[in-house]
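Visitor: What follows is my_file-v4.pdb, PDB, C-alpha atoms and all ligand atoms.
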ATOM      1  CA  MET P  29     -17.830  -2.834   7.068
ATOM      2  CA  ILE P  30     -15.220  -0.101   7.264
ATOM      3  CA  THR P  31     -16.391   3.195   8.692
ATOM      4  CA  VAL P  32     -14.318   6.352   8.830
ATOM      5  CA  ASP P  33     -15.963   9.472  10.161
ATOM      6  CA  ARG P  34     -14.300  12.876  10.286
ATOM      7  CA  LEU P  35     -10.772  11.452  10.428
ATOM      8  CA  TYR P  36      -7.971  13.967  11.024
ATOM      9  CA  VAL P  37      -4.240  13.243  11.401
ATOM     10  CA  ARG P  38      -1.941  16.048  12.483
ATOM     11  CA  TYR P  39       1.830  16.274  12.887
ATOM     12  CA  ASP P  40       2.859  19.309  14.949
ATOM     13  CA  ASP P  41       0.406  21.928  13.727
ATOM     14  CA  THR P  42      -0.010  20.564  10.219
ATOM     15  CA  ASN P  43      -2.987  18.536   9.054
ATOM     16  CA  ILE P  44      -1.867  15.495   7.072
ATOM     17  CA  LEU P  45      -5.338  14.006   6.674
ATOM     18  CA  GLU P  46      -8.371  16.255   6.842
ATOM     19  CA  ASP P  47     -12.012  15.283   7.257
ATOM     20  CA  ILE P  48     -11.906  11.798   5.713
ATOM     21  CA  ASN P  49     -15.328  10.113   5.607
ATOM     22  CA  LEU P  50     -15.782   6.605   4.243
ATOM     23  CA  ASN P  51     -18.245   3.727   4.381
ATOM     24  CA  LEU P  52     -17.019   0.613   2.637
ATOM     25  CA  PRO P  53     -19.079  -2.586   2.683
ATOM     26  CA  THR P  54     -17.408  -5.868   3.617
ATOM     27  CA  GLY P  55     -15.877  -7.890   0.788
ATOM     28  CA  ILE P  56     -15.017  -5.203  -1.711
ATOM     29  CA  THR P  57     -11.748  -3.908  -3.115
ATOM     30  CA  CYS P  58     -10.985  -0.225  -3.005
ATOM     31  CA  ALA P  59      -8.068   1.476  -4.767
ATOM     32  CA  VAL P  60      -6.725   4.727  -3.315
ATOM     33  CA  ILE P  61      -4.946   7.055  -5.700
ATOM     34  CA  GLY P  62      -3.667  10.580  -5.099
ATOM     35  CA  PRO P  63      -0.727  12.972  -5.391
ATOM     36  CA  SER P  64       2.551  12.055  -3.697
ATOM     37  CA  GLY P  65       2.607  12.990  -0.009
ATOM     38  CA  CYS P  66      -1.180  13.391   0.301
ATOM     39  CA  GLY P  67      -1.346  10.876   3.155
ATOM     40  CA  LYS P  68      -2.256   7.568   1.472
ATOM     41  CA  SER P  69       0.201   5.530   3.563
ATOM     42  CA  THR P  70      -0.904   7.423   6.672
ATOM     43  CA  LEU P  71      -4.508   6.391   5.975
ATOM     44  CA  LEU P  72      -3.447   2.739   5.603
ATOM     45  CA  ASN P  73      -1.430   2.937   8.827
ATOM     46  CA  VAL P  74      -4.467   4.248  10.714
ATOM     47  CA  LEU P  75      -6.661   1.464   9.272
ATOM     48  CA  ALA P  76      -3.990  -1.112  10.162
ATOM     49  CA  GLY P  77      -4.044   0.040  13.781
ATOM     50  CA  LEU P  78      -0.368   1.003  13.483
ATOM     51  CA  GLN P  79      -0.983   4.738  13.890
ATOM     52  CA  LYS P  80      -2.952   5.919  16.894
ATOM     53  CA  ASN P  81      -2.440   9.691  16.738
ATOM     54  CA  TYR P  82      -5.667  10.540  14.943
ATOM     55  CA  GLN P  83      -8.950  12.220  15.667
ATOM     56  CA  GLY P  84     -12.327  10.948  14.512
ATOM     57  CA  LEU P  85     -13.971   7.567  14.280
ATOM     58  CA  VAL P  86     -12.323   4.609  12.549
ATOM     59  CA  GLN P  87     -14.032   1.230  12.775
ATOM     60  CA  ILE P  88     -13.559  -2.136  11.147
ATOM     61  CA  ASN P  89     -16.579  -4.377  11.652
ATOM     62  CA  GLY P  90     -17.737  -2.151  14.497
ATOM     63  CA  ALA P  91     -14.475  -1.922  16.479
ATOM     64  CA  ASN P  92     -11.389   0.303  16.418
ATOM     65  CA  PRO P  93      -8.578  -1.171  14.304
ATOM     66  CA  SER P  94      -6.556  -3.469  16.520
ATOM     67  CA  PRO P  95      -4.704  -6.736  15.933
ATOM     68  CA  LYS P  96      -6.568  -8.092  18.986
ATOM     69  CA  LYS P  97     -10.005  -7.379  17.535
ATOM     70  CA  GLN P  98      -9.531  -8.062  13.835
ATOM     71  CA  THR P  99      -7.147  -9.924  11.602
ATOM     72  CA  ILE P 100      -5.532  -7.316   9.398
ATOM     73  CA  GLY P 101      -3.186  -8.282   6.571
ATOM     74  CA  PHE P 102      -0.718  -5.596   5.587
ATOM     75  CA  ILE P 103       1.557  -5.663   2.560
ATOM     76  CA  PRO P 104       3.947  -2.710   2.711
ATOM     77  CA  GLN P 105       5.791  -1.219  -0.265
ATOM     78  CA  ASN P 106       8.872  -3.453   0.188
ATOM     79  CA  TYR P 107       6.761  -6.634   0.711
ATOM     80  CA  GLY P 108       7.605  -6.821   4.440
ATOM     81  CA  LEU P 109       9.358 -10.199   4.300
ATOM     82  CA  LEU P 110      11.829 -11.024   7.071
ATOM     83  CA  PRO P 111      15.182 -11.756   5.373
ATOM     84  CA  TRP P 112      16.358 -14.183   8.065
ATOM     85  CA  LEU P 113      13.301 -16.434   7.638
ATOM     86  CA  THR P 114      12.740 -18.871   4.782
ATOM     87  CA  VAL P 115       9.802 -18.530   2.390
ATOM     88  CA  LYS P 116       7.915 -21.177   4.372
ATOM     89  CA  GLU P 117       8.605 -19.432   7.684
ATOM     90  CA  ASN P 118       7.605 -16.072   6.224
ATOM     91  CA  ILE P 119       4.292 -17.493   4.992
ATOM     92  CA  LEU P 120       3.591 -19.054   8.382
ATOM     93  CA  LEU P 121       4.551 -15.917  10.312
ATOM     94  CA  GLY P 122       1.113 -14.275  10.247
ATOM     95  CA  LEU P 123      -0.570 -17.555  11.204
ATOM     96  CA  LYS P 124       1.884 -17.977  14.092
ATOM     97  CA  ILE P 125       1.011 -14.536  15.392
ATOM     98  CA  LYS P 126      -2.666 -15.499  15.038
ATOM     99  CA  LYS P 127      -1.800 -18.769  16.819
ATOM    100  CA  GLU P 128      -3.061 -20.821  13.871
ATOM    101  CA  ALA P 129       0.285 -22.104  12.609
ATOM    102  CA  LYS P 130      -0.579 -25.629  13.745
ATOM    103  CA  GLN P 131      -2.843 -25.935  10.707
ATOM    104  CA  GLY P 132       0.375 -25.973   8.710
ATOM    105  CA  LEU P 133       1.191 -24.462   5.376
ATOM    106  CA  PRO P 134      -1.835 -23.629   3.181
ATOM    107  CA  ARG P 135      -0.811 -26.029   0.386
ATOM    108  CA  ASN P 136      -3.384 -24.927  -2.209
ATOM    109  CA  LEU P 137      -2.369 -21.323  -1.851
ATOM    110  CA  VAL P 138       1.327 -22.187  -2.050
ATOM    111  CA  ASP P 139       0.753 -24.316  -5.171
ATOM    112  CA  ASN P 140      -1.468 -21.695  -6.829
ATOM    113  CA  LEU P 141       1.196 -19.092  -6.277
ATOM    114  CA  GLY P 142       3.939 -21.339  -7.695
ATOM    115  CA  LEU P 143       5.906 -21.303  -4.445
ATOM    116  CA  SER P 144       6.189 -25.044  -3.781
ATOM    117  CA  ASN P 145       9.788 -25.255  -4.986
ATOM    118  CA  LEU P 146      10.905 -22.112  -3.216
ATOM    119  CA  LEU P 147       9.866 -22.887   0.354
ATOM    120  CA  ASN P 148      13.395 -23.273   1.734
ATOM    121  CA  ARG P 149      14.827 -20.218  -0.003
ATOM    122  CA  TYR P 150      15.436 -16.876   1.695
ATOM    123  CA  PRO P 151      13.781 -13.669   0.403
ATOM    124  CA  ASN P 152      17.084 -12.167  -0.786
ATOM    125  CA  ASN P 153      17.440 -15.074  -3.210
ATOM    126  CA  LEU P 154      14.083 -14.423  -4.858
ATOM    127  CA  SER P 155      13.073 -12.136  -7.711
ATOM    128  CA  GLY P 156      10.777  -9.197  -6.963
ATOM    129  CA  GLY P 157       7.788 -11.060  -8.422
ATOM    130  CA  GLN P 158       8.560 -14.133  -6.297
ATOM    131  CA  GLN P 159       8.879 -11.987  -3.156
ATOM    132  CA  GLN P 160       5.530 -10.422  -3.957
ATOM    133  CA  ARG P 161       3.982 -13.900  -4.304
ATOM    134  CA  VAL P 162       5.303 -14.816  -0.848
ATOM    135  CA  SER P 163       3.830 -11.666   0.683
ATOM    136  CA  LEU P 164       0.471 -12.407  -1.008
ATOM    137  CA  ALA P 165       0.603 -15.999   0.284
ATOM    138  CA  ARG P 166       1.253 -14.742   3.807
ATOM    139  CA  ALA P 167      -1.576 -12.198   3.612
ATOM    140  CA  PHE P 168      -4.155 -14.543   2.040
ATOM    141  CA  ALA P 169      -3.254 -17.415   4.404
ATOM    142  CA  LEU P 170      -4.567 -15.208   7.208
ATOM    143  CA  LYS P 171      -8.114 -15.025   5.807
ATOM    144  CA  ALA P 172      -8.033 -11.464   7.090
ATOM    145  CA  ASP P 173     -10.952  -9.199   7.943
ATOM    146  CA  LEU P 174      -9.123  -6.494   6.039
ATOM    147  CA  LEU P 175      -6.198  -6.592   3.629
ATOM    148  CA  LEU P 176      -4.185  -3.392   3.189
ATOM    149  CA  MET P 177      -1.642  -3.080   0.387
ATOM    150  CA  ASP P 178       0.637  -0.056  -0.027
ATOM    151  CA  GLU P 179       1.711   0.208  -3.678
ATOM    152  CA  PRO P 180       2.117  -3.569  -3.736
ATOM    153  CA  PHE P 181       3.302  -3.921  -7.330
ATOM    154  CA  SER P 182       5.115  -0.637  -7.945
ATOM    155  CA  ALA P 183       8.646  -2.058  -7.649
ATOM    156  CA  LEU P 184       7.987  -4.672 -10.339
ATOM    157  CA  ASP P 185       8.637  -4.366 -14.066
ATOM    158  CA  ALA P 186       5.525  -3.773 -16.185
ATOM    159  CA  ILE P 187       5.018  -7.395 -17.299
ATOM    160  CA  THR P 188       5.533  -8.878 -13.836
ATOM    161  CA  ARG P 189       3.273  -6.185 -12.388
ATOM    162  CA  GLU P 190       0.465  -7.193 -14.741
ATOM    163  CA  GLU P 191       1.021 -10.870 -13.885
ATOM    164  CA  MET P 192       0.824 -10.070 -10.177
ATOM    165  CA  GLN P 193      -2.333  -8.037 -10.651
ATOM    166  CA  ASP P 194      -3.923 -11.153 -12.221
ATOM    167  CA  VAL P 195      -2.619 -13.293  -9.357
ATOM    168  CA  PHE P 196      -4.185 -10.883  -6.885
ATOM    169  CA  ILE P 197      -7.562 -10.899  -8.686
ATOM    170  CA  ASP P 198      -7.596 -14.725  -8.794
ATOM    171  CA  LEU P 199      -6.838 -14.969  -5.064
ATOM    172  CA  TRP P 200      -9.372 -12.281  -4.229
ATOM    173  CA  GLN P 201     -12.130 -13.986  -6.267
ATOM    174  CA  LYS P 202     -11.708 -17.076  -4.075
ATOM    175  CA  GLN P 203     -11.687 -15.248  -0.728
ATOM    176  CA  LYS P 204     -13.412 -11.895  -1.313
ATOM    177  CA  VAL P 205     -11.388 -10.350   1.471
ATOM    178  CA  SER P 206     -12.093  -6.627   2.028
ATOM    179  CA  THR P 207      -9.092  -4.917   0.465
ATOM    180  CA  ILE P 208      -7.766  -1.376   0.327
ATOM    181  CA  LEU P 209      -4.778  -0.793  -1.895
ATOM    182  CA  VAL P 210      -2.778   2.321  -2.573
ATOM    183  CA  THR P 211      -1.525   2.822  -6.103
ATOM    184  CA  HIS P 212       0.077   5.482  -8.282
ATOM    185  CA  TYR P 213      -1.172   3.865 -11.487
ATOM    186  CA  VAL P 214      -4.564   4.813 -12.921
ATOM    187  CA  GLU P 215      -4.693   1.519 -14.878
ATOM    188  CA  GLU P 216      -3.994  -0.484 -11.734
ATOM    189  CA  ALA P 217      -6.782   1.347  -9.908
ATOM    190  CA  LEU P 218      -9.150   0.597 -12.810
ATOM    191  CA  TYR P 219      -8.301  -3.110 -12.829
ATOM    192  CA  LEU P 220      -8.109  -3.785  -9.102
ATOM    193  CA  GLY P 221     -10.553  -1.390  -7.433
ATOM    194  CA  GLN P 222     -14.315  -1.926  -7.307
ATOM    195  CA  LYS P 223     -14.287   1.541  -5.843
ATOM    196  CA  ILE P 224     -11.610   4.116  -6.579
ATOM    197  CA  ILE P 225     -10.901   6.860  -4.065
ATOM    198  CA  VAL P 226      -9.176   9.905  -5.529
ATOM    199  CA  MET P 227      -7.463  11.961  -2.831
ATOM    200  CA  THR P 228      -6.601  15.659  -2.788
ATOM    201  CA  SER P 229      -3.046  16.885  -2.254
ATOM    202  CA  ALA P 230      -1.825  17.680   1.267
ATOM    203  CA  PRO P 231      -3.647  17.911   3.542
ATOM    204  CA  GLY P 232      -5.169  14.745   2.148
ATOM    205  CA  GLY P 233      -8.920  14.579   1.789
ATOM    206  CA  ILE P 234     -11.271  12.623  -0.430
ATOM    207  CA  TYR P 235     -11.830  14.357  -3.728
ATOM    208  CA  LYS P 236     -14.048  11.739  -5.341
ATOM    209  CA  ILE P 237     -15.167   8.115  -4.937
ATOM    210  CA  ILE P 238     -15.832   6.301  -8.206
ATOM    211  CA  ASP P 239     -17.790   3.058  -8.698
ATOM    212  CA  ASN P 240     -15.648   1.257 -11.227
ATOM    213  CA  PRO P 241     -17.368  -0.862 -13.906
ATOM    214  CA  LEU P 242     -14.008  -2.177 -15.209
ATOM    215  CA  PHE P 243     -12.994  -3.987 -12.017
ATOM    216  CA  SER P 244     -11.389  -7.413 -12.632
ATOM    217  CA  ASP P 245     -12.192  -7.380 -16.363
ATOM    218  CA  LYS P 246      -9.087  -8.885 -17.966
ATOM    219  CA  ASN P 247      -9.899  -6.987 -21.178
ATOM    220  CA  PHE P 248     -10.577  -3.724 -19.392
ATOM    221  CA  ARG P 249      -8.303  -1.735 -21.701
ATOM    222  CA  ASP P 250     -10.436  -2.745 -24.701
ATOM    223  CA  ARG P 251     -13.691  -1.619 -23.144
ATOM    224  CA  GLU P 252     -15.182   1.530 -24.607
ATOM    225  CA  ILE P 253     -15.436   3.219 -21.239
ATOM    226  CA  PHE P 254     -11.737   2.630 -20.411
ATOM    227  CA  SER P 255     -10.284   5.694 -22.098
ATOM    228  CA  SER P 256     -12.997   8.078 -20.880
ATOM    229  CA  LEU P 257     -12.768   6.773 -17.302
ATOM    230  CA  SER P 258      -8.981   6.907 -17.184
ATOM    231  CA  LYS P 259      -9.089  10.421 -18.648
ATOM    232  CA  GLU P 260     -11.649  11.381 -16.021
ATOM    233  CA  ILE P 261      -9.438  10.062 -13.187
ATOM    234  CA  ARG P 262      -6.349  11.788 -14.592
ATOM    235  CA  ASN P 263      -8.332  15.030 -14.734
ATOM    236  CA  TYR P 264      -9.520  14.509 -11.149
ATOM    237  CA  LEU P 265      -5.905  13.918 -10.131
ATOM    238  CA  LYS P 266      -4.775  17.113 -11.812
ATOM    239  CA  LYS P 267      -7.534  19.084 -10.106
ATOM    240  CA  ALA P 268      -7.045  17.241  -6.823
ATOM    241  CA  GLY P 269      -3.401  18.242  -6.897
ATOM    242  CA  SER P 270      -4.396  21.866  -6.925
ATOM    243  CA  LYS P 271      -7.049  22.476  -4.303
ATOM    244  CA  ASN P 272      -7.770  25.965  -5.581
ATOM    245  CA  GLU P 273      -9.140  24.497  -8.782
ATOM    246  CA  ARG P 274     -11.693  22.342  -6.990
TER
HETATM  247  N1  LIG S   1       6.167  10.722  11.531
HETATM  248  C1  LIG S   1       5.915  11.804  10.778
HETATM  249  N2  LIG S   1       6.168  13.037  11.247
HETATM  250  C2  LIG S   1       5.890  14.126  10.500
HETATM  251  N3  LIG S   1       5.366  14.076   9.255
HETATM  252  C3  LIG S   1       5.113  12.872   8.737
HETATM  253  C4  LIG S   1       5.368  11.670   9.454
HETATM  254  N4  LIG S   1       4.998  10.619   8.687
HETATM  255  C5  LIG S   1       4.531  11.149   7.516
HETATM  256  N5  LIG S   1       4.602  12.488   7.564
HETATM  257  C6  LIG S   1       4.201  13.418   6.489
HETATM  258  O1  LIG S   1       2.845  13.130   6.181
HETATM  259  C7  LIG S   1       2.608  13.386   4.794
HETATM  260  C8  LIG S   1       1.899  12.196   4.191
HETATM  261  O2  LIG S   1       2.801  11.090   4.120
HETATM  262  P1  LIG S   1       2.357   9.694   3.495
HETATM  263  O3  LIG S   1       3.563   8.837   3.453
HETATM  264  O4  LIG S   1       1.166   9.195   4.203
HETATM  265  O5  LIG S   1       1.944  10.157   2.014
HETATM  266  P2  LIG S   1       1.705   9.286   0.695
HETATM  267  O6  LIG S   1       0.530   9.865   0.007
HETATM  268  O7  LIG S   1       1.645   7.834   1.041
HETATM  269  O8  LIG S   1       3.028   9.601  -0.118
HETATM  270  P3  LIG S   1       3.707   8.821  -1.372
HETATM  271  O9  LIG S   1       2.666   8.749  -2.438
HETATM  272  O10 LIG S   1       4.842   9.709  -1.749
HETATM  273  O11 LIG S   1       4.135   7.464  -0.868
HETATM  274  C9  LIG S   1       3.957  13.692   4.159
HETATM  275  O12 LIG S   1       4.072  15.088   4.028
HETATM  276  C10 LIG S   1       4.945  13.182   5.179
HETATM  277  O13 LIG S   1       6.134  13.938   5.162
END
Give the structure from the file, written as structure tokens.
Ligand SMILES: Nc1ncnc2c1ncn2[C@@H]1O[C@H](COP(=O)(O)OP(=O)(O)OP(=O)(O)O)[C@@H](O)[C@H]1O

Guide:
Amino acid sequence: MITVDRLYVRYDDTNILEDINLNLPTGITCAVIGPSGCGKSTLLNVLAGLQKNYQGLVQINGANPSPKKQTIGFIPQNYGLLPWLTVKENILLGLKIKKEAKQGLPRNLVDNLGLSNLLNRYPNNLSGGQQQRVSLARAFALKADLLLMDEPFSALDAITREEMQDVFIDLWQKQKVSTILVTHYVEEALYLGQKIIVMTSAPGGIYKIIDNPLFSDKNFRDREIFSSLSKEIRNYLKKAGSKNER
């Protein structure tokens, strides 16, 4: 369970996040969408335990976010791979930090992600899609309490992005890890988020939380509700971008 109660983040005298309240049950995916600069990455950083300068209550399974108390997987915008480590070493990195590297490489995961022949390569010699697969392997190997992804697929071309969205859904179906992902794409939010949080522009707040009936439906674009729901979110985003119109 993820609980956020009256969360504020301030830099100097400016509120970046303002009065964020959230209750997310364990084992769901939640997509966060909102105008540029509204504080989406800041929210992820707070949940990851990377940012401590906040006010309010933030709890993951009843405790403040901390690498000592929970296992938190984090996939940043640039995949977060260490260029001086091989694919294999990058995948094992999280497990090493968790002191579980002795279990060795999670072979099924590596095979499912098509990484078996790339284990000795370095990240710079991989395509964007391959790098993203490595970062997913590292995150899912952890069997994390919470997986945070900051625009995980935005650097990929459209076809590879759609492939990676399917890869994510397949992995998630097997593990049902609680996941929060930030995205700029309405379609991505509709495919990957059981819940969709629409944020207001700076200072970031929650404009609307939507229960999404299209989650993980591979034919979601063909469903009748798709165009009305995506229109609704785009309208929310337009309004959310201009607080006066709320
Ligand atoms: N260390 C910092 N000091 C001061 N201001 C900061 C700092 N880090 C972030 N900010 C500001 O906080 C605001 C929110 O930034 P954040 O990166 O969380 O937004 P975002 O919604 O993820 O943006 P984008 O969609 O463009 O990636 C921005 O105005 C940013 O300039």

Visitor: Using Å and a single decimal, report how far atom CA of Asp245 of chain P sits from atom CA of Asp185 of chain P.

Guide: 21.2 Å

Visitor: At a cut-off of 9 Å around the point (0.0, 12.1, -2.0) (file coordinates), what residues fall inside when counting all atoms listed in the file? I'd like the answer as number ranges by chain.

Guide: P: 61-69, 227-232, 269

Visitor: When you count only C-alpha atoms and all ligand atoms, which of these residues is closest to ligand LIG 1 (chain S): P:Leu113, P:Leu85, P:Leu71, P:Leu121?

Guide: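 Closest candidate: P:Leu71.
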
Visitor: Would you list the contacts of Leu154 of chain P as a list in words, taking every protein, DNA or RNA residue within 12 Å and counting only C-alpha atoms, but skipping same-chain residues closer than 5 positions in sequence?

Guide: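 Near Leu154 of chain P, the qualifying residues are Leu109, Pro111, Thr114, Val115, Leu143, Asn145, Leu146, Leu147, Asn148, Arg149, Gln159, Gln160, Arg161, Val162 and Ser163 of chain P.
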
Visitor: Can you pull out the residues contacting Asn136 of chain P? Cut-off 12 Å, using all atoms listed in the file, and skip same-chain residues under 4 positions away; I want them as a compact mmCIF listing (two decimals) with C-alpha atoms, keeping the file's coordinate frame.

Guide:
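Final file, result_7.txt:
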# COMPACT_ATOMS: atom_id res chain seq x y z
CA GLY P 132 0.38 -25.97 8.71
CA ASN P 140 -1.47 -21.70 -6.83
CA LEU P 141 1.20 -19.09 -6.28
CA GLY P 142 3.94 -21.34 -7.70
CA LEU P 143 5.91 -21.30 -4.44
CA SER P 144 6.19 -25.04 -3.78
CA ALA P 165 0.60 -16.00 0.28
CA PHE P 168 -4.16 -14.54 2.04
CA ALA P 169 -3.25 -17.42 4.40
CA LEU P 199 -6.84 -14.97 -5.06
CA LYS P 202 -11.71 -17.08 -4.08

Visitor: Using the chain letters and numbers from the file, give me the residues hit by the PyMOL selection byres (((chain P and resi 29-46) around 7) and not hetatm), as a list in words.

Guide: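 Here the PyMOL selection byres (((chain P and resi 29-46) around 7) and not hetatm) matches Asp47, Ile48, Asn49, Leu50, Asn51, Leu52, Pro53, Thr54, Gly67, Asn81, Tyr82, Gln83, Gly84, Leu85, Val86, Gln87, Ile88, Asn89, Ala230, Pro231, Gly232 and Gly233 of chain P.
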
Visitor: Pick the closest to Ala217 of chain P from P:Ala59, P:Ala268, P:Ile187, P:Arg249: which is it, counting only C-alpha atoms?

Guide: P:Ala59

Visitor: How far is it from atom O7 of ligand LIG 1 (chain S) to atom CA of Val210 of chain P, in Å with one decimal?

Guide: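 Value for the atom O7 of ligand LIG 1 (chain S)-atom CA of Val210 of chain P distance: 7.9 Å.
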
Visitor: Counting only C-alpha atoms, what is within 10 Å of Pro104 of chain P, bar same-chain residues fewer than 3 positions away, as a PyMOL selection string?

Guide: chain P and resi 69+72-73+101+107-109+163+176-180+210

Visitor: Can you sort out the box for ligand LIG 1 (chain S), edges along x, y and z, all listed atoms in, 3 Å on every side, with centre and edge lengths in Å to one decimal, as lines of an AutoDock Vina configuration file?

Guide:
center_x = 3.3
center_y = 11.3
center_z = 4.5
size_x = 11.6
size_y = 13.6
size_z = 20.0

Visitor: Closest to ligand LIG 1 (chain S) among P:Ile56, P:Val226, P:Ile119, P:Ile237, using only C-alpha atoms and all ligand atoms?

Guide: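 Closest candidate: P:Val226.
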
Visitor: Rank P:Ser94, P:Ser255, P:Asn247, P:Ser182 by their smallest atom-to-atom distance to ligand LIG 1 (chain S), using only C-alpha atoms and all ligand atoms, and report the top residue only.

Guide: P:Ser182
